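Okay, so here's the structure we're looking at.
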Amino acid sequence: MTSVTSPPVAPQPATQPDTSSAQLQSTMRKQAATGALKALLWGVVTFVGTIVAVLVIWVGVLWIFQISPLIAKGPIDVWNFLFEVPAAEANREMIFGNLMVTLGDAAIGFIAGLVVATLGATVFQLNKGIEHALMPVAMLLRSVPLVAMAPVIILIFGRDFWTLAVIGGIVVLFPALVNISFGLRSASPQMNDLVDVYGGGAWTKLQKVAMPTSLPAFFAAVRISVPGAITGALLAEWLAVGGGIGGSIAGYVPQAQFSALWTSVVAVTAVSLILYNVVQIVEDVVLARMGMHPQKGV
């Protein structure tokens, strides 16, 4: 009986692991890290440039308008007041002590305003009827001067923590509310349609689409809220609670303590610039790692 011999089978090449996906992920991580590093370096350069520009403008204005050195103080005068004169240590304790009080007051208004703005924008995204009803109230709070509202706020809340929260929160609330609301509405219709196709509702759209898309707007709101909170704290201290930079400045002019006045203004301005630029740097780094871009024009 004749046996049938099977044809030889060609050897199969060894299966090579698919590395394309790993290479793609590695490339994306490297690009994100490079973008974050560039954003960090650019933020630092921008910060240094801002400080230099402020100093040049400060000295230039004093020189152009020829303001009396008895009233107007330059950077050297402020430095001497803090570090060179015999009473420099006492001056530092006074200025930095008032500054810490103001920063604490600003933190209260910042947190109050940003939390209310975030919650308000979230509710507006879920219910347009509530937005149409409450947005005019927010606009009213922004349009009425706080100097006019301060007596009513003091009568209602007294001269303590709650007045700081209300006044600082009002200053922070409206710009943060507008920015965050705009960010939550900035998602593309196609992304929302995709959620609808898979049976998701308004809450799913908010979580999966609107919130991630609104991250640049949220950072923009935080960035503009930092100097706004400090302004609100200064205003609350001047009008209501006293203490801090805002409460002390009112006493420097009648006593002709112009060096203390200018140093206080420089200290609070410097801290505002530093905090603003720190938030800017964090924003640039985070968004660069996520492949997003900061919100322009804010």
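Residue numbering restarts at 1 for every chain of the structure tokens, chains are lettered A, B, ... in their displayed order, and ligands are numbered from 1 as they appear.
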
Need to verify the contact set: A:Gly183, 10 Å, only C-alpha atoms, exclusion of same-chain residues closer than 5 positions in sequence. Can you return it as a compact mmCIF listing (two decimals) with all heavy atoms, in the first residue's frame?
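Output contents, as saved in selection-v7.txt:
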# COMPACT_ATOMS: atom_id res chain seq x y z
N ALA A 121 -21.97 77.85 38.15
CA ALA A 121 -21.78 77.48 36.75
C ALA A 121 -22.24 76.06 36.49
O ALA A 121 -22.80 75.76 35.42
CB ALA A 121 -20.31 77.65 36.37
N LEU A 177 -17.50 83.23 37.57
CA LEU A 177 -18.74 82.60 37.11
C LEU A 177 -18.86 82.66 35.59
O LEU A 177 -19.20 81.67 34.94
CB LEU A 177 -19.94 83.28 37.77
CG LEU A 177 -21.32 82.76 37.39
CD1 LEU A 177 -21.49 81.31 37.82
CD2 LEU A 177 -22.41 83.63 38.01
N VAL A 178 -18.54 83.82 35.02
CA VAL A 178 -18.64 83.97 33.57
C VAL A 178 -17.64 83.06 32.86
O VAL A 178 -17.97 82.38 31.88
CB VAL A 178 -18.41 85.44 33.17
CG1 VAL A 178 -18.26 85.58 31.66
CG2 VAL A 178 -19.57 86.30 33.67
N ALA A 210 -18.15 68.28 29.56
CA ALA A 210 -18.07 69.71 29.87
C ALA A 210 -16.93 70.03 30.84
O ALA A 210 -16.16 70.98 30.61
CB ALA A 210 -19.40 70.18 30.46
N MET A 211 -16.80 69.24 31.91
CA MET A 211 -15.76 69.55 32.90
C MET A 211 -14.34 69.42 32.36
O MET A 211 -13.52 70.32 32.56
CB MET A 211 -15.96 68.68 34.14
CG MET A 211 -17.12 69.12 35.01
SD MET A 211 -17.24 68.16 36.55
CE MET A 211 -18.54 69.07 37.38
N PRO A 212 -14.00 68.32 31.67
CA PRO A 212 -12.65 68.27 31.10
C PRO A 212 -12.39 69.39 30.08
O PRO A 212 -11.30 69.96 30.04
CB PRO A 212 -12.60 66.89 30.43
CG PRO A 212 -13.63 66.09 31.14
CD PRO A 212 -14.72 67.04 31.48
N THR A 213 -13.39 69.72 29.27
CA THR A 213 -13.21 70.76 28.27
C THR A 213 -13.04 72.13 28.90
O THR A 213 -12.37 73.00 28.34
CB THR A 213 -14.42 70.77 27.31
OG1 THR A 213 -14.61 69.46 26.77
CG2 THR A 213 -14.22 71.75 26.17
N SER A 214 -13.64 72.34 30.07
CA SER A 214 -13.63 73.66 30.71
C SER A 214 -12.37 73.92 31.52
O SER A 214 -12.26 74.98 32.15
CB SER A 214 -14.85 73.80 31.63
OG SER A 214 -14.73 72.93 32.77
N LEU A 215 -11.42 72.98 31.52
CA LEU A 215 -10.23 73.16 32.36
C LEU A 215 -9.47 74.46 32.05
O LEU A 215 -9.07 75.17 32.98
CB LEU A 215 -9.32 71.95 32.23
CG LEU A 215 -8.20 71.82 33.29
CD1 LEU A 215 -8.79 71.78 34.68
CD2 LEU A 215 -7.37 70.56 33.02
N PRO A 216 -9.23 74.83 30.77
CA PRO A 216 -8.56 76.11 30.53
C PRO A 216 -9.34 77.31 31.09
O PRO A 216 -8.74 78.24 31.64
CB PRO A 216 -8.46 76.16 29.00
CG PRO A 216 -8.48 74.74 28.56
CD PRO A 216 -9.40 74.06 29.52
N ALA A 217 -10.65 77.28 30.95
CA ALA A 217 -11.46 78.38 31.48
C ALA A 217 -11.41 78.41 33.00
O ALA A 217 -11.41 79.48 33.61
CB ALA A 217 -12.91 78.25 31.00
N PHE A 218 -11.37 77.23 33.63
CA PHE A 218 -11.29 77.20 35.09
C PHE A 218 -9.97 77.79 35.56
O PHE A 218 -9.93 78.57 36.52
CB PHE A 218 -11.43 75.76 35.58
CG PHE A 218 -11.32 75.62 37.07
CD1 PHE A 218 -12.39 75.94 37.89
CD2 PHE A 218 -10.14 75.20 37.67
CE1 PHE A 218 -12.28 75.83 39.28
CE2 PHE A 218 -10.02 75.09 39.04
CZ PHE A 218 -11.11 75.40 39.85
N ALA A 220 -8.22 79.99 33.99
CA ALA A 220 -8.32 81.42 33.76
C ALA A 220 -9.11 82.09 34.87
O ALA A 220 -8.75 83.20 35.33
CB ALA A 220 -8.98 81.69 32.40
N ALA A 221 -10.16 81.44 35.34
CA ALA A 221 -10.95 82.00 36.44
C ALA A 221 -10.12 82.08 37.72
O ALA A 221 -10.18 83.07 38.46
CB ALA A 221 -12.20 81.14 36.67
N GLN A 295 -6.65 79.57 27.96
CA GLN A 295 -7.67 80.45 27.39
C GLN A 295 -7.06 81.81 27.13
O GLN A 295 -6.49 82.43 28.02
CB GLN A 295 -8.87 80.57 28.36
CG GLN A 295 -10.00 81.45 27.83
CD GLN A 295 -11.21 81.36 28.74
OE1 GLN A 295 -11.72 80.30 29.03
NE2 GLN A 295 -11.68 82.50 29.19

Open item on the list: Need to verify the contact set: A:His293, 10 Å, only C-alpha atoms, exclusion of same-chain residues closer than 4 positions in sequence. Can you return it as number ranges by chain?
Closed with: A: 215-216, 283-289

- [ ] Determine the nearest neighbour of A:Ala112 from the options A:Gly74, A:Gly232, A:Pro136, A:Pro145, counting only C-alpha atoms.
- [x] A:Gly232

Task: Option closest in space to A:Gln280, from A:Ser68, A:Thr34, A:Ser225, A:Thr122 [counting only C-alpha atoms] - done: A:Ser225
